[in-house]
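Below you'll find the structure, written out as structure tokens, and then a few comments.
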Amino acid sequence: MIVGRAILKTPWLITFFIIEITACAIPDFQRDIRPILAGHCFKCHGPDKKTREADLRLDIPTEEASFVKLVERINHKNPNDIMPPPSAKKPLSEAQKQLLSEWVQAGAKYTDHWAFLTPKTVSLPKINQPEWARNEIDYFTLVHLEANGQAPTPKANRFKLIRRLSLDIIGLPPTPEEIRLFVEDTKPNAYERLVDRLLDRPEFGEHWALPWLDLARYADTNGYEKDRPRSIWPWRNWVINAINNDLPFDQFTVEQIAGDMLPKATQSQRIATGFHRNTMVNEEGGIDPLEFRFYAMVDRVNTTATTWLGLTLGCAQCHTHKFDPVPHRSYYEMMAFLNNSSEPELSLITPEQKAQQQSNESRIVTQLLKLPIDKAKYDTWIKTQKTNAVSWINIIPSKMKTSIGWLELLEDGSIFARGDTSKHDVYKFEFTNLPKNITSIRLEALPDERLPKGGPGRAYYEGPKGDFFLSEISLTSDGKPIEITSGSENYAKQWIGSSKPSAMAAADGDLQTGWSTSGREGKHSQAVWQLSEPLKTKTIKLQLDFSRHYSASLGRFRLSVTSQKIKPKAKELPGDIEKLLVQKEEDLDQKARNKLRLYYINTSKNTEVALAKIAKLQKKTPPSPTTLVMQERPEAHLRLTHRHHRGEFLSPREVVKPKVLPFLPPLEKDMPRNRLGFAYWLINPNNPLTSRVVVNRFWSALFGEGIVRTTDDFGYTGASPTHPELLDWLAIEFIRQGWSRKKILRLIVSSSTYRQNSQSSFRLSAEQIRDSVLKVSNLLNQKVGGQSVFPPQNKSIGEGIYGGGSWQTSSVADQYRRSLYTYRKRSMPFAMHNTFDAPSHETCIARREISNTPLQALTLLNDSFFLDASRTLGRWAAQQNNENAFIIDTLFQRCLTRRPSPMEQKAMLSFYKKTYGRFSNNKSEASKFAGASKGDVIKQASWTALARVILNTHEFITRN
Amino acid sequence: MNSSPATDGKSITRRHFFQECGYGVGKIALAGLLTNSLGRAHTRTHFAPKAKRVIHLFQAGAPSQLELFDNKPHLKKLEGKPLPSSVIGDQRYAFIQRNAAVLGPQFPFERHGQCGAELSDKLPHLAKVVDDIAIIRSMHTEQFNHAPGQIFFNTGFSQPGRPCLGSWLSYGLGVETDNLPAFVVLSTGGGISGGSALWSAGFMPGKHTGVRFRNSGDPILNVTPPAGADKILQRDSLNLIRELNSQRLTLENNPDISTRIESYEMAFRLQASAPELMDLRSESQETLTLYGANPNKPSFARACILARRMIERGVRCVNIYHSGWDAHSNVAGNVINNSRSTDQASAALILDLKQRGLLEDTLIIWGGEFGRTPMVESNPTLNRSQGRDHHPQAFSLWLAGGGIKGGITLGSTDELGFHIAERPVHIHDLQATILHLLGLDHERLTFTHGGRDYRLTDVHGNVVQEIIA
């Protein structure tokens, strides 16, 4: 009676179906045997050499005698001899023993795992009822039914179809107008046209982005204790747009894995690499940042494997996989592909904005230079500055290295730090050709737009972004320390703590004290130290230590020395300005003169009033949004990947090279051995997994259950496909159709299989439920994309949340955005979403669990959001000048896309009448319930009550 | 395969179950509402349980064992000197440097009870019930930061995403009540580092998530009907929802609909049972005094009384999170303050449960995510002095009730309190023991996700037999 019982989600049907098959057939190795062996035997007799017992492997064919023994041992009565041993706590059931025995009897045949073989083109099966088939899909489903003596169910009616299709394609129920249009469309292909209309809607991308965000563990905060905000919503925008533009899935993949490495990568392609920037960042004070970077890498490997390959690689992080053929080492070889990125924040300034900004700046400069200044005052200033100017000589190290990253010398003689950072970074320099009789040394901390918040520091978590903390500066000559006797700085402030930071605190031998310039991010500061006596040698070593409870090394800085006898002090005046002041006036060109004049105008008290006016001009450009991206490190500084013994961060072993999983097709010869090559490997048509895994997820979204039930596991322990030929056909077709998501979805929903009356029924996702409410009550704000929003929540949700869990409710319009835009704070998931099984976005989720709880009932019944929607519907109904029965009909259809049955109609009418009667006797209660004081509040309240009931029906939150 | 005593009967389909058992759809589906689809009628354990319920008094921030349970007079002698490098090994610290000086114990210790267990003078109330508790002084963990440490303690894994102990119990044992959730979470004090990951069901269905009971507003979110909806309207609405759902059930025969119908009935009951639970007017003055609780003010003491009321009403697992033990500075003041908030009520809970005959099958756990260093934390750049840093190598906690042997102290640390000297107990061992006391074999209680069978104890854990009565 129902097509493809196995495609149905309801577990009891499946159970019976499988039993039926297994009872009458010879055991199939892949479907029946390997899952048993994998679940009960491989742990000691599988691929992992280290845990193998009795030198017996059962994951590959072995000698016949072993199998005879196997049957004997599994059926043994003696607990000392029975296999698996009782201590393994994995006893075999009688049915499993029977299957294994039958399989051995039939010759113990092994076949390769279906999912690791490239899908093969198959011809369409012969069916008895070809007229039922609308496309190829139907051949594959019907042949199954016919083999089991079943027939498909009739086609669903148009009301049911449009509701199903709307919920599946755009995630929202249809409007009354859309329903009318479709139901009354008598022309041929009305259904197909509906499908096209829906696929063209911008809501399509929003709806289909959701499962992708689950896989990508997208959230708006960093996770762990502090769980601070991050800005990566532009990546979410990218996903929505990519899906709406039907960006082919292969390109969709390459851009997200390695968009930054594509030739002439566009801003959009760089934004796409945010996929793997959705990993968490621990900002708790005192953590080891490299340890959490390692966890993020582990997460990236696991997420990639689940999302594209349908494989659970997690086990191989610690040891050779017990079931699947994944050696421990392979796990890290795969990691090596992904492990060479730095992780910057990309400013999303558009070229127009950039041009505007530049012209703005030059306009300001022009205006500033035109500002009339008091020449006498200016000349005095120049004179004073010149008198005080010190002749600093920028020194260039002959050697430099850091404890973990690397240093680059820039054209202006400054040094830029790159690579990883730790809680204690050490920079070491050697100078071999210093001027004679050095008396002082100067360190300039310089801003750089590549650094967090413009630098000068590299702090990116826990402390203020762009912060640094110089714990210690030490100089040695021939291994002997050079004494520093005094020091000064133009500015010193440290983030938290009462001790006084200063240049001298960085020369006191105590790593806990030092020099920091918190609050001056994006600005220049300097420190100067004086030596006890002029330096006799030309060769010294200099070391800078940055030790703090978070990474706080300097990102850009310049070292200079002077032999001036009067020992200089640190100045507010930047080094490059001071340099001009040392030169003779006549040697300065116009550019240099302008620079001096500009500096004077910008800093002098004499020009404050005029400056304030000009400053107003500057504020016009709003700050550009930023997003998190990947950026490949240069070849010269490849980050090494190690195998980690037992998966532990602290147990790195040998270095491994990038290599793909050994049981899958190798990386093609002309492909680079890096992230980009890996991305191309994922979508190579030879790769047997990617296409299958993706179409299976599509199928699962449209039928409630995948053709492979375990959407996240195509390995040995995963479920076998219920319709293997169909899966392969779809996988090949998906590639043939240019990896077009829209085309393959159109194909599936066009099938007779999809259009049947009795298709699977499943509860809507949290987001769909909330969006449906918004839609039917006409509250939905249809704006697509943008930053996340904060719909109202009860204050108490912040209880016990680190940092108080504040939740700044958005403007009314933004409260009614689609739920996909609701702010995702990992440590404090949005309560309504959480109640309806939405994940907390910390790990990759291929399929949400669905539960059914009283808390859900309480939410739908009593939550103010749902009440608001009921009130809106109630107000609307109260305004209708019509029979109650008609209003009920309309209201019901608006929410459930069908007319009520007479029995339903009767029950609702009687509820309405009783409620109306009761509210008539208590107008003040009616007013409270309706949330209104104007109009007919009794009517409004009574209709609100009925609307509330309809929104609480099982049917409203279900897709049938 | 998912494997828990409550789901081993999974092959019995829901429909089959309804038919076979001859119950009305209503009563049976009930059991599955907050936990599993089979629920109470089928609740079984792997072996006879010693405890039926758990109250976990989680001391977030990590209390200093050296000021409470683990007396190290030797440290006083070494005060001001650094520890030898060989002792510290390659341990990484959150804040202190390797050469940090030793800080002696801040409070005197004395022996108490028949068992003569040593406690500091900051635990005067616990001292009176010390013969009822088992102290473990040789706990160790793998994490030295709060969020990962707390998540590890609760879920057996250092990063968010896995089910917590309460979820495992809800999944494994089902519910004991039709009126309240199986797993409840209360919090007092400040924010908790681990966040909602600590009571999350991870990859299990959301119904196993801990239900927050809140200090302000509705005790359970949305448990109060909206203004203007009196009891009759609420009942009429539920009746109509039921009517409409039942009509669909007749047509579609979908068991999800009957579960939905019953979830509304339970929601209706929760609207009465939750406020009743929170209303402490029926508690005697004697009881309030015993706990030191003000019935109208949220506090750890009030949470302890609520926990007792919850388990009396059939709640399976109650977590109370008390945060504030993170003594990076002034460890003495920190211990004084936090002991003042927790000592009396924790001891009162033992006494109260005992006199009501509930202690024997209710397991109480008291402790934090790791310990604190024997070395002082002192850092002017962080405004810190006389504090202690995080110490994962050794810490103390105690258990009482449900199957626990009272009056014993298990394990010890070296004279520096740095390393464990005897009987190390890993977090996974503790988790295995807790499950064991509830009649569950930690190796057999599994949940399949993404092709892998997960356990609370990962692939580790040994039951600590010595503390079991």
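In the structure tokens, the first chain shown is A, the next is B, and so on; residue numbers restart at 1 for each chain, and ligands run from 1 in the order shown.
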
Taking the backbone alone, and naming residues the way the document does, which bits of stretch 335-433 of chain A are strand (DSSP E) by DSSP, as a ChimeraX atom specification? /A:341-342,345-347,393-394,399-402,406-409,415-418,424-431

Which residues of stretch 244-345 of chain B have any atom within 12 Å of an atom in stretch 117-129 of chain B when counting only C-alpha atoms, and what is the closest pair of atoms for each, with the distance in Å to one decimal? Order the rows by chain and rising number and write it as CSV.
residue,atom,partner,partner_atom,distance
B:Leu290,CA,B:His125,CA,10.3
B:Tyr291,CA,B:His125,CA,10.3
B:Gly292,CA,B:His125,CA,11.4
B:Ala332,CA,B:Lys122,CA,9.8
B:Gly333,CA,B:Lys122,CA,10.8
B:Asn334,CA,B:Lys122,CA,11.0
B:Val335,CA,B:Lys122,CA,7.5
B:Ile336,CA,B:Lys122,CA,6.5
B:Asn337,CA,B:Lys122,CA,9.5
B:Asn338,CA,B:Lys122,CA,9.5
B:Ser339,CA,B:Lys122,CA,6.3
B:Arg340,CA,B:Lys122,CA,8.0
B:Ser341,CA,B:Leu123,CA,10.9
B:Thr342,CA,B:Leu123,CA,9.2
B:Asp343,CA,B:Leu123,CA,5.9
B:Gln344,CA,B:His125,CA,5.3
B:Ala345,CA,B:His125,CA,8.4

Taking only C-alpha atoms into account, find every residue of chain A that has an atom no more than 6 Å from chain B, and write it out as a VMD selection string. chain A and resid 12 224 to 225 286 to 287 496 to 499 549 712 to 713 717 to 718 800 to 803 827 837 849 851 853 to 854 857 to 859 862 to 863 925 928 to 929 949 953

Take the residues from that selection and write them out as a CSV table (one decimal), in the first residue's frame, keeping N, CA and C atoms.
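Below is the file that was written, out-v7.csv:
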chain,number,residue,atom,x,y,z
A,12,TRP,N,9.1,1.2,13.0
A,12,TRP,CA,8.5,-0.1,13.1
A,12,TRP,C,8.3,-0.7,11.7
A,224,TYR,N,33.3,27.9,24.5
A,224,TYR,CA,34.0,27.7,25.8
A,224,TYR,C,33.5,28.8,26.8
A,225,GLU,N,34.4,29.0,27.8
A,225,GLU,CA,33.9,29.8,28.9
A,225,GLU,C,33.5,31.2,28.6
A,286,GLY,N,44.7,31.8,30.7
A,286,GLY,CA,45.7,30.8,31.1
A,286,GLY,C,45.7,29.5,30.2
A,287,ILE,N,44.8,29.5,29.2
A,287,ILE,CA,44.9,28.3,28.4
A,287,ILE,C,46.1,28.3,27.5
A,496,ILE,N,44.1,45.0,32.8
A,496,ILE,CA,44.0,44.5,34.2
A,496,ILE,C,45.3,44.4,35.0
A,497,GLY,N,45.1,44.5,36.3
A,497,GLY,CA,46.3,44.4,37.2
A,497,GLY,C,46.7,45.8,37.6
A,498,SER,N,47.2,45.9,38.8
A,498,SER,CA,47.5,47.2,39.4
A,498,SER,C,48.9,47.6,39.3
A,499,SER,N,49.8,46.6,39.0
A,499,SER,CA,51.2,46.9,38.9
A,499,SER,C,51.5,47.9,37.8
A,549,HIS,N,49.3,35.7,30.4
A,549,HIS,CA,48.4,34.5,30.5
A,549,HIS,C,47.6,34.4,29.2
A,712,ASP,N,25.5,10.2,8.4
A,712,ASP,CA,26.8,10.7,8.7
A,712,ASP,C,27.8,9.5,8.8
A,713,ASP,N,27.4,8.3,8.3
A,713,ASP,CA,28.3,7.2,8.4
A,713,ASP,C,28.1,6.2,7.2
A,717,THR,N,30.3,0.3,9.6
A,717,THR,CA,29.3,0.1,10.6
A,717,THR,C,28.0,0.9,10.2
A,718,GLY,N,28.1,1.7,9.1
A,718,GLY,CA,26.9,2.5,8.7
A,718,GLY,C,25.9,1.5,8.1
A,800,GLY,N,23.4,31.8,35.5
A,800,GLY,CA,24.4,30.8,35.5
A,800,GLY,C,25.3,30.9,34.3
A,801,ILE,N,25.0,31.8,33.4
A,801,ILE,CA,25.8,31.8,32.1
A,801,ILE,C,27.0,32.7,32.4
A,802,TYR,N,28.2,32.3,32.0
A,802,TYR,CA,29.4,33.1,32.3
A,802,TYR,C,29.3,34.5,31.7
A,803,GLY,N,29.6,35.5,32.5
A,803,GLY,CA,29.5,36.8,32.0
A,803,GLY,C,28.1,37.4,32.0
A,827,SER,N,27.3,29.0,24.4
A,827,SER,CA,27.1,28.5,25.8
A,827,SER,C,25.7,28.8,26.3
A,837,ASP,N,15.2,20.8,19.8
A,837,ASP,CA,16.3,20.0,19.3
A,837,ASP,C,17.3,20.6,18.3
A,849,GLU,N,18.6,15.0,15.9
A,849,GLU,CA,17.7,14.1,16.6
A,849,GLU,C,16.4,14.9,16.7
A,851,SER,N,13.0,15.1,19.2
A,851,SER,CA,12.2,14.6,20.3
A,851,SER,C,10.9,15.3,20.5
A,853,THR,N,8.6,16.7,23.6
A,853,THR,CA,8.6,16.8,25.1
A,853,THR,C,7.6,17.8,25.5
A,854,PRO,N,7.2,17.8,26.8
A,854,PRO,CA,6.3,18.7,27.4
A,854,PRO,C,6.8,20.2,27.4
A,857,ALA,N,5.6,21.7,24.4
A,857,ALA,CA,4.2,22.1,24.5
A,857,ALA,C,4.1,23.4,25.3
A,858,LEU,N,4.9,23.5,26.4
A,858,LEU,CA,4.8,24.7,27.2
A,858,LEU,C,5.2,26.0,26.3
A,859,THR,N,6.2,25.7,25.5
A,859,THR,CA,6.7,26.8,24.6
A,859,THR,C,5.6,27.3,23.7
A,862,ASN,N,2.6,28.8,25.9
A,862,ASN,CA,2.7,30.0,26.8
A,862,ASN,C,3.8,31.0,26.4
A,863,ASP,N,4.7,30.7,25.5
A,863,ASP,CA,5.8,31.6,25.2
A,863,ASP,C,5.2,32.9,24.5
A,925,GLU,N,-10.1,40.4,31.6
A,925,GLU,CA,-9.3,39.2,31.2
A,925,GLU,C,-9.1,39.1,29.7
A,928,LYS,N,-6.5,41.5,28.6
A,928,LYS,CA,-5.2,41.0,28.9
A,928,LYS,C,-4.8,39.9,27.9
A,929,PHE,N,-5.7,39.0,27.6
A,929,PHE,CA,-5.3,37.9,26.8
A,929,PHE,C,-5.1,38.3,25.3
A,949,VAL,N,-4.7,27.6,19.7
A,949,VAL,CA,-5.0,26.1,19.6
A,949,VAL,C,-4.5,25.5,18.3
A,953,THR,N,-1.4,22.5,17.3
A,953,THR,CA,-1.7,21.1,16.8
A,953,THR,C,-0.5,20.4,16.3

Using DSSP assignments from the backbone, pull out every residue in stretch 665-889 of chain A that falls under helix (DSSP H, G or I) and give it to me as a ChimeraX atom specification. /A:675-682,690-703,724-736,741-750,752-755,766-776,795-798,802-804,812-815,819-821,831-835,854-862,864-879,884-889

Find the residues around A:His40 up to 10 Å (only C-alpha atoms counted), leave out those fewer than 5 positions away in its own chain, and share them as a ChimeraX atom specification. /A:34-35,45,83-85,88-92,323

Could you pull the residues within 6 Å of B:Val376, counting only C-alpha atoms, minus those fewer than 4 positions along the same chain, as a PDB file with N, CA and C atoms, in the first residue's frame?
ATOM      1  N   ALA B 101      56.517  30.130  44.461  1.00  0.00           N
ATOM      2  CA  ALA B 101      56.852  29.625  45.799  1.00  0.00           C
ATOM      3  C   ALA B 101      55.689  28.846  46.405  1.00  0.00           C
ATOM      4  N   VAL B 102      56.039  28.024  47.381  1.00  0.00           N
ATOM      5  CA  VAL B 102      55.045  27.216  48.080  1.00  0.00           C
ATOM      6  C   VAL B 102      54.208  28.103  49.013  1.00  0.00           C
ATOM      7  N   LEU B 103      52.920  27.770  49.106  1.00  0.00           N
ATOM      8  CA  LEU B 103      52.047  28.451  50.068  1.00  0.00           C
ATOM      9  C   LEU B 103      51.500  27.405  51.035  1.00  0.00           C
ATOM     10  N   GLN B 386      48.476  35.731  47.240  1.00  0.00           N
ATOM     11  CA  GLN B 386      48.040  34.689  48.182  1.00  0.00           C
ATOM     12  C   GLN B 386      46.947  33.789  47.589  1.00  0.00           C
ATOM     13  N   GLY B 387      47.020  33.553  46.311  1.00  0.00           N
ATOM     14  CA  GLY B 387      46.050  32.663  45.691  1.00  0.00           C
ATOM     15  C   GLY B 387      46.689  31.340  45.310  1.00  0.00           C
ATOM     16  N   ARG B 388      45.923  30.495  44.698  1.00  0.00           N
ATOM     17  CA  ARG B 388      46.450  29.235  44.179  1.00  0.00           C
ATOM     18  C   ARG B 388      45.944  29.055  42.740  1.00  0.00           C
TER      19      ARG B 388
END

Hey, what's within 9 Å of A:Ala38 if we count only C-alpha atoms and toss same-chain stuff fewer than 3 positions away? As a VMD selection string, please? chain A and resid 33 to 35 41 to 43 46 58 to 59 322 to 324 716 to 717

For the residues in that selection, give me N, CA and C atoms as a PDB file, in the first residue's frame.
ATOM      1  N   ILE A  33      26.719  -9.156   7.262  1.00  0.00           N
ATOM      2  CA  ILE A  33      27.857  -9.731   7.980  1.00  0.00           C
ATOM      3  C   ILE A  33      28.838  -8.684   8.495  1.00  0.00           C
ATOM      4  N   ARG A  34      29.269  -7.788   7.619  1.00  0.00           N
ATOM      5  CA  ARG A  34      30.287  -6.842   8.071  1.00  0.00           C
ATOM      6  C   ARG A  34      29.845  -6.030   9.286  1.00  0.00           C
ATOM      7  N   PRO A  35      28.581  -5.575   9.327  1.00  0.00           N
ATOM      8  CA  PRO A  35      28.180  -4.841  10.537  1.00  0.00           C
ATOM      9  C   PRO A  35      28.363  -5.678  11.813  1.00  0.00           C
ATOM     10  N   CYS A  41      33.705  -7.935  16.497  1.00  0.00           N
ATOM     11  CA  CYS A  41      34.961  -8.677  16.349  1.00  0.00           C
ATOM     12  C   CYS A  41      36.187  -7.829  16.013  1.00  0.00           C
ATOM     13  N   PHE A  42      35.974  -6.754  15.226  1.00  0.00           N
ATOM     14  CA  PHE A  42      37.121  -6.006  14.696  1.00  0.00           C
ATOM     15  C   PHE A  42      37.987  -5.389  15.779  1.00  0.00           C
ATOM     16  N   LYS A  43      37.396  -5.115  16.914  1.00  0.00           N
ATOM     17  CA  LYS A  43      38.169  -4.461  17.961  1.00  0.00           C
ATOM     18  C   LYS A  43      39.449  -5.256  18.258  1.00  0.00           C
ATOM     19  N   GLY A  46      40.753  -6.826  13.919  1.00  0.00           N
ATOM     20  CA  GLY A  46      40.505  -5.894  12.825  1.00  0.00           C
ATOM     21  C   GLY A  46      41.771  -5.233  12.334  1.00  0.00           C
ATOM     22  N   LEU A  58      39.745 -10.361  10.812  1.00  0.00           N
ATOM     23  CA  LEU A  58      38.481 -10.723  10.173  1.00  0.00           C
ATOM     24  C   LEU A  58      37.972  -9.636   9.240  1.00  0.00           C
ATOM     25  N   ASP A  59      38.728  -8.555   9.148  1.00  0.00           N
ATOM     26  CA  ASP A  59      38.280  -7.491   8.241  1.00  0.00           C
ATOM     27  C   ASP A  59      38.668  -7.775   6.798  1.00  0.00           C
ATOM     28  N   LYS A 322      39.014   1.116  14.547  1.00  0.00           N
ATOM     29  CA  LYS A 322      38.709  -0.278  14.880  1.00  0.00           C
ATOM     30  C   LYS A 322      37.856  -0.949  13.816  1.00  0.00           C
ATOM     31  N   PHE A 323      37.095  -0.168  13.070  1.00  0.00           N
ATOM     32  CA  PHE A 323      36.185  -0.788  12.113  1.00  0.00           C
ATOM     33  C   PHE A 323      36.552  -0.425  10.676  1.00  0.00           C
ATOM     34  N   ASP A 324      36.708   0.866  10.455  1.00  0.00           N
ATOM     35  CA  ASP A 324      36.981   1.303   9.104  1.00  0.00           C
ATOM     36  C   ASP A 324      38.485   1.259   8.839  1.00  0.00           C
ATOM     37  N   TYR A 716      31.995   1.028   7.449  1.00  0.00           N
ATOM     38  CA  TYR A 716      31.577  -0.363   7.630  1.00  0.00           C
ATOM     39  C   TYR A 716      30.395  -0.519   8.575  1.00  0.00           C
ATOM     40  N   THR A 717      30.341   0.331   9.603  1.00  0.00           N
ATOM     41  CA  THR A 717      29.265   0.148  10.578  1.00  0.00           C
ATOM     42  C   THR A 717      28.012   0.934  10.198  1.00  0.00           C
TER      43      THR A 717
END

With only C-alpha atoms as the basis for distance, which of A:Pro119, A:Val195, A:Pro174, A:Gly149 is at the shortest distance from A:Arg898? A:Pro174

List the spatial neighbours of B:Arg137 as a list of chain:residue names - criterion: any atom at most 10 Å away, only C-alpha atoms, same-chain residues fewer than 5 positions off excluded.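 Near B:Arg137, the qualifying residues are B:Gln65, B:Phe69, B:Asp70, B:Ala394, B:Phe395, B:Ser396, B:Leu397, B:Trp398, B:Thr409, B:Leu410, B:Gly411, B:Ser412, B:Thr413, B:Gly417, B:Ile420, B:Ala421, B:Glu422, B:Arg423, B:Pro424, B:Val425.
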
Can you write just those residues out, N, CA and C atoms, as a PDB file, in the first residue's frame?
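Output (again34.pdb):
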ATOM      1  N   GLN B  65      41.595  22.013  47.736  1.00  0.00           N
ATOM      2  CA  GLN B  65      41.645  20.828  48.595  1.00  0.00           C
ATOM      3  C   GLN B  65      42.571  21.050  49.770  1.00  0.00           C
ATOM      4  N   PHE B  69      40.300  19.573  52.567  1.00  0.00           N
ATOM      5  CA  PHE B  69      40.315  18.129  52.791  1.00  0.00           C
ATOM      6  C   PHE B  69      41.714  17.525  52.924  1.00  0.00           C
ATOM      7  N   ASP B  70      42.699  18.167  52.344  1.00  0.00           N
ATOM      8  CA  ASP B  70      44.004  17.525  52.225  1.00  0.00           C
ATOM      9  C   ASP B  70      45.047  18.311  53.019  1.00  0.00           C
ATOM     10  N   ALA B 394      46.020  16.523  41.347  1.00  0.00           N
ATOM     11  CA  ALA B 394      45.474  15.937  42.568  1.00  0.00           C
ATOM     12  C   ALA B 394      44.419  16.865  43.148  1.00  0.00           C
ATOM     13  N   PHE B 395      43.285  16.298  43.497  1.00  0.00           N
ATOM     14  CA  PHE B 395      42.277  17.084  44.221  1.00  0.00           C
ATOM     15  C   PHE B 395      41.346  16.157  44.989  1.00  0.00           C
ATOM     16  N   SER B 396      40.466  16.770  45.762  1.00  0.00           N
ATOM     17  CA  SER B 396      39.607  15.985  46.653  1.00  0.00           C
ATOM     18  C   SER B 396      38.137  16.249  46.355  1.00  0.00           C
ATOM     19  N   LEU B 397      37.311  15.254  46.650  1.00  0.00           N
ATOM     20  CA  LEU B 397      35.863  15.457  46.640  1.00  0.00           C
ATOM     21  C   LEU B 397      35.237  14.416  47.545  1.00  0.00           C
ATOM     22  N   TRP B 398      33.947  14.530  47.795  1.00  0.00           N
ATOM     23  CA  TRP B 398      33.296  13.505  48.606  1.00  0.00           C
ATOM     24  C   TRP B 398      31.980  13.036  48.016  1.00  0.00           C
ATOM     25  N   THR B 409      38.202   7.538  53.954  1.00  0.00           N
ATOM     26  CA  THR B 409      38.973   8.487  53.159  1.00  0.00           C
ATOM     27  C   THR B 409      39.847   7.656  52.244  1.00  0.00           C
ATOM     28  N   LEU B 410      39.669   7.849  50.968  1.00  0.00           N
ATOM     29  CA  LEU B 410      40.394   7.028  49.995  1.00  0.00           C
ATOM     30  C   LEU B 410      41.531   7.836  49.375  1.00  0.00           C
ATOM     31  N   GLY B 411      42.685   7.182  49.274  1.00  0.00           N
ATOM     32  CA  GLY B 411      43.802   7.773  48.543  1.00  0.00           C
ATOM     33  C   GLY B 411      44.512   8.863  49.312  1.00  0.00           C
ATOM     34  N   SER B 412      45.699   9.217  48.808  1.00  0.00           N
ATOM     35  CA  SER B 412      46.437  10.299  49.455  1.00  0.00           C
ATOM     36  C   SER B 412      47.385  10.927  48.439  1.00  0.00           C
ATOM     37  N   THR B 413      47.899  12.092  48.816  1.00  0.00           N
ATOM     38  CA  THR B 413      48.866  12.783  47.965  1.00  0.00           C
ATOM     39  C   THR B 413      50.215  12.790  48.672  1.00  0.00           C
ATOM     40  N   GLY B 417      51.483  17.647  48.493  1.00  0.00           N
ATOM     41  CA  GLY B 417      50.135  17.778  47.946  1.00  0.00           C
ATOM     42  C   GLY B 417      50.145  17.967  46.445  1.00  0.00           C
ATOM     43  N   ILE B 420      49.699  12.455  43.361  1.00  0.00           N
ATOM     44  CA  ILE B 420      48.982  11.437  44.119  1.00  0.00           C
ATOM     45  C   ILE B 420      49.978  10.389  44.588  1.00  0.00           C
ATOM     46  N   ALA B 421      49.871  10.015  45.875  1.00  0.00           N
ATOM     47  CA  ALA B 421      50.771   9.002  46.415  1.00  0.00           C
ATOM     48  C   ALA B 421      50.117   7.633  46.374  1.00  0.00           C
ATOM     49  N   GLU B 422      48.833   7.584  46.674  1.00  0.00           N
ATOM     50  CA  GLU B 422      48.136   6.298  46.722  1.00  0.00           C
ATOM     51  C   GLU B 422      46.798   6.389  46.024  1.00  0.00           C
ATOM     52  N   ARG B 423      46.421   5.336  45.358  1.00  0.00           N
ATOM     53  CA  ARG B 423      45.094   5.096  44.794  1.00  0.00           C
ATOM     54  C   ARG B 423      44.564   6.250  43.932  1.00  0.00           C
ATOM     55  N   PRO B 424      45.225   6.511  42.815  1.00  0.00           N
ATOM     56  CA  PRO B 424      44.686   7.553  41.941  1.00  0.00           C
ATOM     57  C   PRO B 424      43.285   7.213  41.433  1.00  0.00           C
ATOM     58  N   VAL B 425      42.414   8.177  41.416  1.00  0.00           N
ATOM     59  CA  VAL B 425      41.067   7.991  40.868  1.00  0.00           C
ATOM     60  C   VAL B 425      40.858   9.036  39.768  1.00  0.00           C
TER      61      VAL B 425
END

Could you check how far atom CA of A:Ser403 sits from atom CA of A:Ser547, in Å to one decimal? 12.1 Å

Distance query A:Lys49 at most 12 Å, only C-alpha atoms, self and fewer than 2 positions along chain excluded, as a PyMOL selection string: chain A and resi 42-47+51-57+59+319-322+325-328

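Candidate residues A:Ile950, A:Asp478, A:Gln893, A:Ile373 were compared for distance to A:Ala907, and the nearest is A:Ile950, using only C-alpha atoms.
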